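Engineer: The structure follows.
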Amino acid sequence: MSNDPTVFIVDDDDEVREAIGLLMDSVGLAAETFDSAWAYLNCFDPKRPGCLVLDVRMRHMSGLELQERLTEEPLHPPIIIITGHGDVPMAVRAVKNGAVDFIEKPFNDQALLDAVHRALELDQEQRGKALEVAQVQDRLERLTKREREVLEQILAGKRNKVIAADLGISQSTVEAHRAKVMEKLEARSLSELMRMVLLVYPDRATNAAEN
Amino acid sequence: MPALSLILLLSLLPTALPAQGADSTASAADGQREVRIGVLSHGGDAHTRDHWAPTADYLTLQVPGHRFSVVPLDFDAVEPAVALLQMPADSTAARAGGYSDWTVPLDYQSVQKLLREEHRAPYDEEARFTLLDALAQYWLAVLAGVVALLAMVLLTSRVLQLNHRLSRANTRLERRHQLILDSVAEGIYGVDLNGCTTFVNKAMEGMSGWRAEELIGNETHEIIHHTRADGEPHPKDDCPVYATFRDEQPRFVDEDVFWRRDGSSFPVEYSATPIRDEQGTTIGTVVVCRDITERREAADRFRRQEAEQAHFMRLSTLGEMASGIAHELNQPLTAISTNARACVRMIDAERATVATCLEVMTKIADQAERAGEVIRHIRRFVRKEEPEMAPVAVADIFETVLVLMREDARRAGVLLHRQVGFGADCVMAQRTQIEQVLLNLVRNALEAMSEQLRERRVLLLARRNGDVVEMRIVDTGPGLGKGSPEHLFEPFVTTKPQGLGVGLSISHGIIDAHGGRLRVDSTPGIGATFFFSLPHVDDCGGPQDAANSLHTGGSETDYAGERA
Ligand SMILES: Nc1ncnc2c1ncn2[C@@H]1O[C@H](COP(=O)(O)OP(=O)(O)OP(=O)(O)O)[C@@H](O)[C@H]1O
Ligand SMILES: [Mg+2]
């Protein structure tokens, strides 16, 4: 598998699907076409970079259903919804569910290409971020149980003295654990540590902000 | 020989003899008239002659120019004569003959005449015999005559009176007939065996503008019935009015035109009935006609309104399908513009080969035609003027339904099939109306299946069945609910929150107008089948592209998902 991004096109109208493929080809983008949501899901590989151009209304499985399936995956290409007449409410729902763009048929070629380019950038960004998350997760794995407890307390914004009292250990031991955590996570400052942890656990954001 | 008439004389009063009847027709050679007096001889002829001689002499003396002689008469011979005489009861003769109660007419003609001529008593005073005397004498006859005359006068006057009354009654009757004829709103006229008008009523005059005098005696046909509605001449040999008195069969004509005096025509319906006389022989035709301009206009108005309503229904059907149809147009437009742009970009980037460009151009053209096809179907479906019944290709009808419903079917996840059986190619129908019916039925099927997990299919089927083509719309839906299916054909019966419940009732009406009946079979959990028949025709008239592309006996499934 190459690491070049691919534009995945899912539309059950042969002509439209092939026309979009041709358009991608004309600007030098690699494109792959699928005539149904199932066909795409069968070939889905989270590791392949790219974006998904998805017709919202199709037989058997609609674009929305496919989108729902994909959101269960940790990583999937950003979705551009294309809609026919009268499908705007569906497109809006798709956008709420995380689609990056929606374009009404018949569309302007430039508008679609712009959307595709934006989506590809986003994919790249997402893939970079995912890589970082994976690294942080890797590092977090390396922490001992005690070190993780100390990390929790640090993230909760507590001072060393309070941590020592809470955990029933000496303040110097807390300091030693703390240094070990910073070292294992490869964080040079407390703020960097915070950013890393938030990357993996976005729900910790509120607590951190209070600090 | 001087004639001797029978003279009967009785010696009642010898001096008053001239008063007794005697004939005096005899005339003597000496210029004297001879009068013979017959005397009944009782005592022998000689005796009688002797006895009466003085009397005869006396008379001869008394009546100049006459000579009287006595002729004794045999009693027996005179008996009947005496019987005619009036004899006083005490006269000798009466006594002798027992004729005492006999009478003698005084008016014995000859005697009377003689006496009158001689102006003897009782004619010595002429004036004495007056009308009164005559009356007195002939009163019975006069009375009878008068009575008869009176009776005759009375009778005559009565007859005259009756006659007069009859003729008055006749005119009254005629007037009443005319009144009745004139009070009828229908135009009525009669013609004789030559086709000449015999009578015309007021309504006919008013309707045609011709006055009765102008029509009566002339051939009405040449005046008001000479030309047909299409402008062709109408020879009288073809005229139903003439045919009626010829074959003596009444007939009714529900569409024809009559011509007014001003040269315009008006639509009529009329009946022609033979007129028969008392003997039952046909003597002409009576025509009762009605100006149907207004009715025709009302019918036209009604037809127009119906057509307008049908048009409105088609528009609203189309309105409901608008989004599906817009999609149906959007797809090819999207493909066209995207292909064209891609091609332009490739040419710009100098990456385009002629082969690619050709391929793309061909695709663009195909898609443009696809869009055009959709529009063609829509345009024909919503066309305002209602085409008449005409032969149509079943495949063409199915094609329109498929084009218009494809996207809706796709959205509903329903597979649309169609199949035209052998020999079921052409039907006689109002095309858009039947399309409307099929669209209603297919939409109902789609709506019925929208929730179900089981497979969703709709099959449009045309099958030849004798003189008709049976059209079936089969679905794999839940079937109809409980209750009579006929009930569903009533307007405003619906089980859908958004439904109006008019689809089936409209469809039912349309099939009715085609002389068929919309019916339904349903098996709960399996599906429903709506079906109706249309008259089959052999030829659709002119090439039909859709008919040619879809071969007879063939079946085609529109895998909407794959294609569109
Ligand atoms: N194919 C079918 N399968 C099951 N039920 C049907 C089918 N077709 C019609 N019906 C029933 O018949 C009813 C009447 O249909 P009809 O088309 O007259 O009205 P509607 O579809 O409810 O409303 P409208 O057509 O006016 O929008 C429907 O509401 C539905 O219950
Ligand atoms: Mg309906």
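Letters A, B, ... mark the chains of the structure tokens in the order given; residue numbers begin at 1 per chain; ligand numbers begin at 1, in order shown.
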Determine which residues of range 65-115 of chain A receive a DSSP assignment of strand (DSSP E), computed from the backbone, and state them as a PDB file with all heavy atoms, in the first residue's frame.
Structural biologist:
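Saved the output as part.pdb:
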```
ATOM      1  N   ILE A  79     -15.031  12.670   5.615  1.00  0.00           N
ATOM      2  CA  ILE A  79     -16.128  12.390   4.688  1.00  0.00           C
ATOM      3  C   ILE A  79     -16.674  13.668   4.063  1.00  0.00           C
ATOM      4  O   ILE A  79     -16.985  14.635   4.772  1.00  0.00           O
ATOM      5  CB  ILE A  79     -17.274  11.653   5.425  1.00  0.00           C
ATOM      6  CG1 ILE A  79     -16.761  10.315   5.964  1.00  0.00           C
ATOM      7  CG2 ILE A  79     -18.464  11.422   4.494  1.00  0.00           C
ATOM      8  CD1 ILE A  79     -17.736   9.596   6.867  1.00  0.00           C
ATOM      9  N   ILE A  80     -16.759  13.664   2.741  1.00  0.00           N
ATOM     10  CA  ILE A  80     -17.452  14.745   2.029  1.00  0.00           C
ATOM     11  C   ILE A  80     -18.765  14.147   1.520  1.00  0.00           C
ATOM     12  O   ILE A  80     -18.770  13.154   0.809  1.00  0.00           O
ATOM     13  CB  ILE A  80     -16.629  15.236   0.832  1.00  0.00           C
ATOM     14  CG1 ILE A  80     -15.292  15.813   1.311  1.00  0.00           C
ATOM     15  CG2 ILE A  80     -17.409  16.282   0.042  1.00  0.00           C
ATOM     16  CD1 ILE A  80     -14.288  15.975   0.207  1.00  0.00           C
ATOM     17  N   ILE A  81     -19.858  14.767   1.921  1.00  0.00           N
ATOM     18  CA  ILE A  81     -21.173  14.266   1.509  1.00  0.00           C
ATOM     19  C   ILE A  81     -21.591  14.972   0.227  1.00  0.00           C
ATOM     20  O   ILE A  81     -21.502  16.202   0.149  1.00  0.00           O
ATOM     21  CB  ILE A  81     -22.208  14.545   2.618  1.00  0.00           C
ATOM     22  CG1 ILE A  81     -21.883  13.748   3.874  1.00  0.00           C
ATOM     23  CG2 ILE A  81     -23.620  14.299   2.129  1.00  0.00           C
ATOM     24  CD1 ILE A  81     -22.261  12.290   3.796  1.00  0.00           C
ATOM     25  N   ILE A  82     -22.014  14.193  -0.773  1.00  0.00           N
ATOM     26  CA  ILE A  82     -22.666  14.853  -1.915  1.00  0.00           C
ATOM     27  C   ILE A  82     -24.154  14.475  -1.883  1.00  0.00           C
ATOM     28  O   ILE A  82     -24.520  13.347  -1.582  1.00  0.00           O
ATOM     29  CB  ILE A  82     -22.032  14.503  -3.272  1.00  0.00           C
ATOM     30  CG1 ILE A  82     -21.859  13.009  -3.445  1.00  0.00           C
ATOM     31  CG2 ILE A  82     -20.735  15.217  -3.448  1.00  0.00           C
ATOM     32  CD1 ILE A  82     -21.345  12.629  -4.806  1.00  0.00           C
ATOM     33  N   THR A  83     -24.957  15.484  -2.164  1.00  0.00           N
ATOM     34  CA  THR A  83     -26.401  15.278  -2.015  1.00  0.00           C
ATOM     35  C   THR A  83     -27.120  15.607  -3.301  1.00  0.00           C
ATOM     36  O   THR A  83     -26.664  16.437  -4.084  1.00  0.00           O
ATOM     37  CB  THR A  83     -26.983  16.201  -0.931  1.00  0.00           C
ATOM     38  OG1 THR A  83     -26.891  17.540  -1.418  1.00  0.00           O
ATOM     39  CG2 THR A  83     -26.244  16.081   0.360  1.00  0.00           C
ATOM     40  N   ASP A 101     -17.784  18.222   4.986  1.00  0.00           N
ATOM     41  CA  ASP A 101     -18.342  19.127   3.987  1.00  0.00           C
ATOM     42  C   ASP A 101     -19.551  18.480   3.345  1.00  0.00           C
ATOM     43  O   ASP A 101     -19.666  17.257   3.357  1.00  0.00           O
ATOM     44  CB  ASP A 101     -17.301  19.386   2.886  1.00  0.00           C
ATOM     45  CG  ASP A 101     -17.025  20.872   2.738  1.00  0.00           C
ATOM     46  OD1 ASP A 101     -17.982  21.649   2.940  1.00  0.00           O
ATOM     47  OD2 ASP A 101     -15.866  21.233   2.463  1.00  0.00           O
ATOM     48  N   PHE A 102     -20.431  19.321   2.810  1.00  0.00           N
ATOM     49  CA  PHE A 102     -21.421  18.717   1.921  1.00  0.00           C
ATOM     50  C   PHE A 102     -21.612  19.572   0.685  1.00  0.00           C
ATOM     51  O   PHE A 102     -21.529  20.781   0.728  1.00  0.00           O
ATOM     52  CB  PHE A 102     -22.732  18.393   2.641  1.00  0.00           C
ATOM     53  CG  PHE A 102     -23.692  19.521   2.758  1.00  0.00           C
ATOM     54  CD1 PHE A 102     -24.584  19.802   1.719  1.00  0.00           C
ATOM     55  CD2 PHE A 102     -23.758  20.287   3.922  1.00  0.00           C
ATOM     56  CE1 PHE A 102     -25.497  20.816   1.837  1.00  0.00           C
ATOM     57  CE2 PHE A 102     -24.670  21.304   4.038  1.00  0.00           C
ATOM     58  CZ  PHE A 102     -25.539  21.580   3.005  1.00  0.00           C
ATOM     59  N   ILE A 103     -21.814  18.881  -0.395  1.00  0.00           N
ATOM     60  CA  ILE A 103     -21.884  19.551  -1.692  1.00  0.00           C
ATOM     61  C   ILE A 103     -23.122  19.064  -2.416  1.00  0.00           C
ATOM     62  O   ILE A 103     -23.410  17.868  -2.437  1.00  0.00           O
ATOM     63  CB  ILE A 103     -20.625  19.205  -2.519  1.00  0.00           C
ATOM     64  CG1 ILE A 103     -19.401  19.821  -1.836  1.00  0.00           C
ATOM     65  CG2 ILE A 103     -20.768  19.715  -3.938  1.00  0.00           C
ATOM     66  CD1 ILE A 103     -18.124  19.594  -2.573  1.00  0.00           C
ATOM     67  N   GLU A 104     -23.859  20.040  -2.958  1.00  0.00           N
ATOM     68  CA  GLU A 104     -25.100  19.660  -3.637  1.00  0.00           C
ATOM     69  C   GLU A 104     -24.860  19.382  -5.115  1.00  0.00           C
ATOM     70  O   GLU A 104     -24.131  20.100  -5.786  1.00  0.00           O
ATOM     71  CB  GLU A 104     -26.114  20.798  -3.517  1.00  0.00           C
ATOM     72  CG  GLU A 104     -26.996  20.682  -2.300  1.00  0.00           C
ATOM     73  CD  GLU A 104     -28.062  21.752  -2.310  1.00  0.00           C
ATOM     74  OE1 GLU A 104     -27.738  22.911  -2.002  1.00  0.00           O
ATOM     75  OE2 GLU A 104     -29.224  21.428  -2.635  1.00  0.00           O
TER      76      GLU A 104
END
```
Engineer: Can you pull out every residue with an atom within 7 Å of ligand 1? Use only C-alpha atoms and all ligand atoms and format it as a ChimeraX atom specification.
Structural biologist: /B:440-441,444-445,448,475,477-481,488-489,491-496,498-505,527-529
Engineer: Could you save the residues just selected, with N, CA, C and O atoms, as a short mmCIF file (atom, residue, chain, number, x, y, z; two decimals), in the first residue's frame?
Structural biologist:
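Wrote it out as again.cif, contents follow:
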```
data_model
loop_
_atom_site.label_atom_id
_atom_site.label_comp_id
_atom_site.auth_asym_id
_atom_site.auth_seq_id
_atom_site.Cartn_x
_atom_site.Cartn_y
_atom_site.Cartn_z
N ASN B 440 -50.08 6.10 -9.50
CA ASN B 440 -50.78 6.01 -8.21
C ASN B 440 -50.56 4.65 -7.58
O ASN B 440 -50.28 4.54 -6.37
N LEU B 441 -50.72 3.60 -8.39
CA LEU B 441 -50.64 2.25 -7.85
C LEU B 441 -49.22 1.92 -7.41
O LEU B 441 -49.00 1.32 -6.36
N ASN B 444 -48.47 3.76 -4.22
CA ASN B 444 -49.10 3.07 -3.09
C ASN B 444 -48.26 1.87 -2.67
O ASN B 444 -48.06 1.62 -1.48
N ALA B 445 -47.78 1.12 -3.67
CA ALA B 445 -46.99 -0.07 -3.37
C ALA B 445 -45.70 0.32 -2.65
O ALA B 445 -45.32 -0.31 -1.65
N ALA B 448 -46.51 1.27 0.78
CA ALA B 448 -46.90 0.12 1.61
C ALA B 448 -45.67 -0.66 2.08
O ALA B 448 -45.69 -1.29 3.14
N ASP B 475 -47.20 -6.19 -5.89
CA ASP B 475 -46.16 -5.81 -4.94
C ASP B 475 -45.94 -6.91 -3.91
O ASP B 475 -46.72 -7.84 -3.81
N GLY B 477 -45.69 -6.29 -0.72
CA GLY B 477 -45.92 -5.57 0.54
C GLY B 477 -46.77 -6.38 1.52
O GLY B 477 -46.94 -7.59 1.35
N PRO B 478 -47.32 -5.71 2.50
CA PRO B 478 -48.07 -6.40 3.55
C PRO B 478 -49.48 -6.79 3.13
O PRO B 478 -50.18 -7.47 3.88
N GLY B 479 -49.90 -6.37 1.96
CA GLY B 479 -51.29 -6.63 1.54
C GLY B 479 -52.23 -5.61 2.16
O GLY B 479 -51.80 -4.75 2.94
N LEU B 480 -53.50 -5.75 1.81
CA LEU B 480 -54.48 -4.78 2.32
C LEU B 480 -54.91 -5.15 3.73
O LEU B 480 -54.86 -6.31 4.12
N GLY B 481 -55.33 -4.14 4.46
CA GLY B 481 -55.84 -4.38 5.80
C GLY B 481 -57.20 -5.05 5.74
O GLY B 481 -57.69 -5.40 4.67
N LEU B 488 -61.78 0.88 -0.37
CA LEU B 488 -60.58 1.68 -0.62
C LEU B 488 -60.74 2.56 -1.85
O LEU B 488 -60.06 3.57 -1.99
N PHE B 489 -61.66 2.16 -2.77
CA PHE B 489 -61.83 2.92 -4.00
C PHE B 489 -62.68 4.15 -3.78
O PHE B 489 -62.83 4.96 -4.68
N PRO B 491 -63.43 7.84 -2.30
CA PRO B 491 -62.49 8.92 -2.04
C PRO B 491 -62.27 9.15 -0.54
O PRO B 491 -63.13 8.82 0.28
N PHE B 492 -61.13 9.65 -0.21
CA PHE B 492 -60.76 10.05 1.15
C PHE B 492 -60.68 8.88 2.12
O PHE B 492 -60.90 9.04 3.32
N VAL B 493 -60.42 7.71 1.60
CA VAL B 493 -60.17 6.57 2.48
C VAL B 493 -58.67 6.34 2.50
O VAL B 493 -58.07 6.07 1.46
N THR B 494 -58.08 6.51 3.64
CA THR B 494 -56.63 6.38 3.71
C THR B 494 -56.22 5.83 5.06
O THR B 494 -56.95 5.96 6.04
N THR B 495 -55.07 5.18 5.10
CA THR B 495 -54.53 4.73 6.39
C THR B 495 -53.23 5.46 6.67
O THR B 495 -52.52 5.14 7.60
N LYS B 496 -52.93 6.45 5.79
CA LYS B 496 -51.65 7.15 5.93
C LYS B 496 -51.84 8.52 6.56
O LYS B 496 -52.78 9.24 6.18
N GLN B 498 -50.22 11.19 6.06
CA GLN B 498 -50.09 12.26 5.08
C GLN B 498 -50.99 12.04 3.86
O GLN B 498 -50.99 12.85 2.95
N GLY B 499 -51.68 10.90 3.86
CA GLY B 499 -52.44 10.53 2.66
C GLY B 499 -53.73 11.33 2.53
O GLY B 499 -54.33 11.74 3.52
N LEU B 500 -54.13 11.56 1.30
CA LEU B 500 -55.41 12.19 1.04
C LEU B 500 -56.48 11.13 0.82
O LEU B 500 -57.66 11.38 1.00
N GLY B 501 -56.03 9.97 0.38
CA GLY B 501 -56.98 8.90 0.10
C GLY B 501 -57.70 9.08 -1.21
O GLY B 501 -58.81 8.61 -1.40
N VAL B 502 -57.08 9.80 -2.16
CA VAL B 502 -57.74 10.01 -3.44
C VAL B 502 -57.13 9.18 -4.56
O VAL B 502 -57.73 9.01 -5.61
N GLY B 503 -55.95 8.65 -4.31
CA GLY B 503 -55.23 7.92 -5.37
C GLY B 503 -56.05 6.82 -6.01
O GLY B 503 -56.23 6.78 -7.22
N LEU B 504 -56.57 5.94 -5.18
CA LEU B 504 -57.32 4.79 -5.71
C LEU B 504 -58.65 5.23 -6.32
O LEU B 504 -59.07 4.68 -7.33
N SER B 505 -59.29 6.21 -5.70
CA SER B 505 -60.60 6.60 -6.24
C SER B 505 -60.44 7.25 -7.61
O SER B 505 -61.24 7.02 -8.52
N GLY B 527 -48.55 -9.86 -0.28
CA GLY B 527 -48.56 -8.71 -1.17
C GLY B 527 -49.94 -8.43 -1.73
O GLY B 527 -50.90 -9.15 -1.46
N ALA B 528 -50.01 -7.35 -2.47
CA ALA B 528 -51.27 -6.95 -3.09
C ALA B 528 -51.06 -6.86 -4.59
O ALA B 528 -49.96 -6.56 -5.05
N THR B 529 -52.12 -7.16 -5.33
CA THR B 529 -52.08 -7.02 -6.79
C THR B 529 -53.30 -6.23 -7.24
O THR B 529 -54.43 -6.64 -6.99
#
```
Engineer: With a cut-off of 10 Å and counting only C-alpha atoms, select all residues of chain B in contact with chain A and give the selection as a compact mmCIF listing (two decimals) with N, CA and C atoms, in the first residue's frame.
Structural biologist:
```
# COMPACT_ATOMS: atom_id res chain seq x y z
N ALA B 322 -41.75 15.40 -7.37
CA ALA B 322 -40.81 16.41 -7.85
C ALA B 322 -39.39 16.12 -7.40
N SER B 323 -39.24 15.78 -6.13
CA SER B 323 -37.88 15.62 -5.64
C SER B 323 -37.22 14.43 -6.31
N GLY B 324 -37.98 13.37 -6.49
CA GLY B 324 -37.44 12.21 -7.18
C GLY B 324 -37.06 12.54 -8.61
N ILE B 325 -37.93 13.35 -9.24
CA ILE B 325 -37.67 13.68 -10.64
C ILE B 325 -36.48 14.62 -10.76
N ALA B 326 -36.41 15.57 -9.82
CA ALA B 326 -35.27 16.49 -9.83
C ALA B 326 -33.98 15.68 -9.72
N HIS B 327 -34.02 14.68 -8.88
CA HIS B 327 -32.85 13.82 -8.73
C HIS B 327 -32.55 13.12 -10.06
N GLU B 328 -33.62 12.68 -10.66
CA GLU B 328 -33.49 11.96 -11.93
C GLU B 328 -32.83 12.85 -12.99
N LEU B 329 -33.03 14.16 -12.86
CA LEU B 329 -32.38 15.08 -13.78
C LEU B 329 -30.99 15.46 -13.29
N ASN B 330 -30.87 15.54 -11.99
CA ASN B 330 -29.62 15.95 -11.36
C ASN B 330 -28.48 15.00 -11.70
N GLN B 331 -28.80 13.73 -11.69
CA GLN B 331 -27.75 12.73 -11.91
C GLN B 331 -27.06 12.96 -13.25
N PRO B 332 -27.82 12.95 -14.35
CA PRO B 332 -27.12 13.15 -15.63
C PRO B 332 -26.45 14.51 -15.71
N LEU B 333 -27.09 15.55 -15.14
CA LEU B 333 -26.47 16.88 -15.20
C LEU B 333 -25.14 16.88 -14.47
N THR B 334 -25.14 16.24 -13.30
CA THR B 334 -23.90 16.16 -12.53
C THR B 334 -22.83 15.42 -13.33
N ALA B 335 -23.21 14.31 -13.90
CA ALA B 335 -22.26 13.53 -14.68
C ALA B 335 -21.72 14.34 -15.84
N ILE B 336 -22.66 15.06 -16.51
CA ILE B 336 -22.24 15.86 -17.67
C ILE B 336 -21.22 16.91 -17.27
N SER B 337 -21.60 17.73 -16.28
CA SER B 337 -20.71 18.85 -15.94
C SER B 337 -19.39 18.34 -15.39
N THR B 338 -19.45 17.31 -14.59
CA THR B 338 -18.21 16.80 -13.99
C THR B 338 -17.29 16.22 -15.07
N ASN B 339 -17.88 15.45 -15.97
CA ASN B 339 -17.09 14.88 -17.07
C ASN B 339 -16.45 15.97 -17.91
N ALA B 340 -17.27 16.98 -18.25
CA ALA B 340 -16.77 18.05 -19.11
C ALA B 340 -15.61 18.78 -18.44
N ARG B 341 -15.82 19.09 -17.15
CA ARG B 341 -14.76 19.80 -16.41
C ARG B 341 -13.48 18.97 -16.35
N ALA B 342 -13.66 17.71 -16.08
CA ALA B 342 -12.50 16.83 -15.96
C ALA B 342 -11.73 16.82 -17.29
N CYS B 343 -12.51 16.75 -18.37
CA CYS B 343 -11.90 16.71 -19.69
C CYS B 343 -11.11 17.99 -19.96
N VAL B 344 -11.76 19.12 -19.61
CA VAL B 344 -11.08 20.42 -19.79
C VAL B 344 -9.79 20.45 -19.00
N ARG B 345 -9.84 19.99 -17.75
CA ARG B 345 -8.63 19.99 -16.91
C ARG B 345 -7.53 19.14 -17.52
N MET B 346 -7.93 18.00 -18.06
CA MET B 346 -6.92 17.11 -18.64
C MET B 346 -6.28 17.74 -19.87
N ILE B 347 -7.14 18.41 -20.66
CA ILE B 347 -6.59 19.07 -21.85
C ILE B 347 -5.64 20.18 -21.43
N ASP B 348 -6.08 20.95 -20.39
CA ASP B 348 -5.24 22.04 -19.86
C ASP B 348 -3.90 21.49 -19.42
N ALA B 349 -3.95 20.36 -18.74
CA ALA B 349 -2.73 19.79 -18.18
C ALA B 349 -1.97 18.99 -19.25
N GLU B 350 -2.49 19.02 -20.46
CA GLU B 350 -1.91 18.29 -21.58
C GLU B 350 -1.74 16.81 -21.26
N ARG B 351 -2.72 16.32 -20.52
CA ARG B 351 -2.66 14.90 -20.20
C ARG B 351 -3.74 14.13 -20.96
N ALA B 352 -4.48 14.86 -21.80
CA ALA B 352 -5.63 14.25 -22.45
C ALA B 352 -5.23 13.56 -23.75
N THR B 356 -9.41 9.31 -24.72
CA THR B 356 -10.10 9.67 -23.49
C THR B 356 -11.17 10.71 -23.77
N VAL B 360 -15.13 10.48 -23.14
CA VAL B 360 -15.84 11.40 -22.23
C VAL B 360 -16.96 12.12 -22.98
N LYS B 363 -19.87 9.93 -23.36
CA LYS B 363 -20.61 9.81 -22.09
C LYS B 363 -21.49 11.05 -21.87
N ILE B 364 -20.90 12.20 -22.16
CA ILE B 364 -21.65 13.45 -21.96
C ILE B 364 -22.92 13.45 -22.81
N ASP B 366 -24.51 10.90 -24.02
CA ASP B 366 -25.46 9.91 -23.50
C ASP B 366 -26.25 10.47 -22.33
N GLN B 367 -25.52 11.14 -21.45
CA GLN B 367 -26.18 11.66 -20.25
C GLN B 367 -27.16 12.77 -20.59
N ALA B 409 -38.48 4.86 -6.15
CA ALA B 409 -38.31 3.44 -5.86
C ALA B 409 -36.95 3.21 -5.21
N ARG B 410 -35.97 3.89 -5.72
CA ARG B 410 -34.61 3.75 -5.19
C ARG B 410 -34.58 4.18 -3.73
N ARG B 411 -35.23 5.29 -3.50
CA ARG B 411 -35.23 5.80 -2.11
C ARG B 411 -35.97 4.85 -1.19
N ALA B 412 -37.02 4.23 -1.74
CA ALA B 412 -37.78 3.31 -0.90
C ALA B 412 -37.13 1.94 -0.86
N GLY B 413 -36.03 1.79 -1.59
CA GLY B 413 -35.33 0.52 -1.62
C GLY B 413 -36.16 -0.56 -2.30
N VAL B 414 -36.89 -0.16 -3.33
CA VAL B 414 -37.77 -1.11 -4.01
C VAL B 414 -37.24 -1.37 -5.42
N LEU B 415 -37.29 -2.62 -5.80
CA LEU B 415 -36.89 -3.02 -7.15
C LEU B 415 -38.12 -2.98 -8.05
N ALA B 560 -32.75 -0.32 -10.15
CA ALA B 560 -32.58 1.11 -10.00
C ALA B 560 -31.24 1.44 -9.36
N GLY B 561 -30.86 0.63 -8.41
CA GLY B 561 -29.63 0.89 -7.68
C GLY B 561 -28.42 0.85 -8.58
N GLU B 562 -28.39 -0.13 -9.45
CA GLU B 562 -27.22 -0.28 -10.30
C GLU B 562 -27.15 0.79 -11.38
N ARG B 563 -28.35 1.10 -11.85
CA ARG B 563 -28.34 1.96 -13.02
C ARG B 563 -28.26 3.44 -12.67
N ALA B 564 -29.13 3.86 -11.79
CA ALA B 564 -29.21 5.29 -11.52
C ALA B 564 -28.51 5.64 -10.22
```
Engineer: Excluding Arg93 in chain A and any residue of its chain fewer than 3 positions from it, enumerate the residues within 12 Å of it, using only C-alpha atoms, and give them as a ChimeraX atom specification.
Structural biologist: /A:56,63-65,67-68,81,83,87-90,96-102
Engineer: Just C-alpha atoms for this one: save the residues we selected as an mmCIF file, in the first residue's frame.
Structural biologist:
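The resulting result_7.cif:
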```cif
data_model
loop_
_atom_site.group_PDB
_atom_site.id
_atom_site.type_symbol
_atom_site.label_atom_id
_atom_site.label_comp_id
_atom_site.auth_asym_id
_atom_site.auth_seq_id
_atom_site.Cartn_x
_atom_site.Cartn_y
_atom_site.Cartn_z
ATOM 1 C CA VAL A 56 -25.877 10.413 0.874
ATOM 2 C CA GLY A 63 -24.338 7.372 3.156
ATOM 3 C CA LEU A 64 -25.463 8.198 6.668
ATOM 4 C CA GLU A 65 -25.372 4.569 7.721
ATOM 5 C CA GLN A 67 -20.814 7.251 8.171
ATOM 6 C CA GLU A 68 -22.131 5.789 11.424
ATOM 7 C CA ILE A 81 -21.173 14.266 1.509
ATOM 8 C CA THR A 83 -26.401 15.278 -2.015
ATOM 9 C CA ASP A 87 -31.470 15.802 0.685
ATOM 10 C CA VAL A 88 -30.177 18.840 2.552
ATOM 11 C CA PRO A 89 -31.605 17.789 5.932
ATOM 12 C CA MET A 90 -29.739 14.492 5.594
ATOM 13 C CA LYS A 96 -23.369 17.102 12.682
ATOM 14 C CA ASN A 97 -22.088 13.552 12.822
ATOM 15 C CA GLY A 98 -18.677 14.751 11.704
ATOM 16 C CA ALA A 99 -18.733 15.011 7.919
ATOM 17 C CA VAL A 100 -16.351 17.756 6.883
ATOM 18 C CA ASP A 101 -18.342 19.127 3.987
ATOM 19 C CA PHE A 102 -21.421 18.717 1.921
#
```
Engineer: Can you list, as an NGL selection string, every residue of range 15-206 of chain A that DSSP puts in alpha helix (DSSP H)?
Structural biologist: :A and (15-26 or 37-43 or 63-71 or 88-96 or 109-142 or 145-155 or 160-167 or 171-184 or 190-200 or 205-206)
Engineer: May I ask for the distance between CA of Asn194 in chain B and CA of Gly217 in chain B, given in Å to one decimal place?
Structural biologist: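 That distance, rounded to one decimal, is 9.8 Å.
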Engineer: Show which residues sit within 12 Å of Arg118 in chain A, as a ChimeraX atom specification. Count only C-alpha atoms, and ignore same-chain residues fewer than 2 positions away.
Structural biologist: /A:7,50-52,77-80,100-101,111-116,120-125
Engineer: In Å, how far is it from CA of Ala243 in chain B to CA of Asp192 in chain B?
Structural biologist: 12.2 Å
Engineer: Set the distance at 6 Å and use only C-alpha atoms: which residues neighbour Thr273 in chain B once local chain neighbours fewer than 4 positions away are removed? I'd like the list as number ranges by chain.
Structural biologist: B: 250, 285-286
Engineer: May I ask which of the residues B:Thr198, B:Gln137, B:Thr55, B:Ser507 is the closest one to ligand 2, counting only C-alpha atoms and all ligand atoms?
Structural biologist: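 The answer is B:Ser507, which sits nearest to ligand 2.
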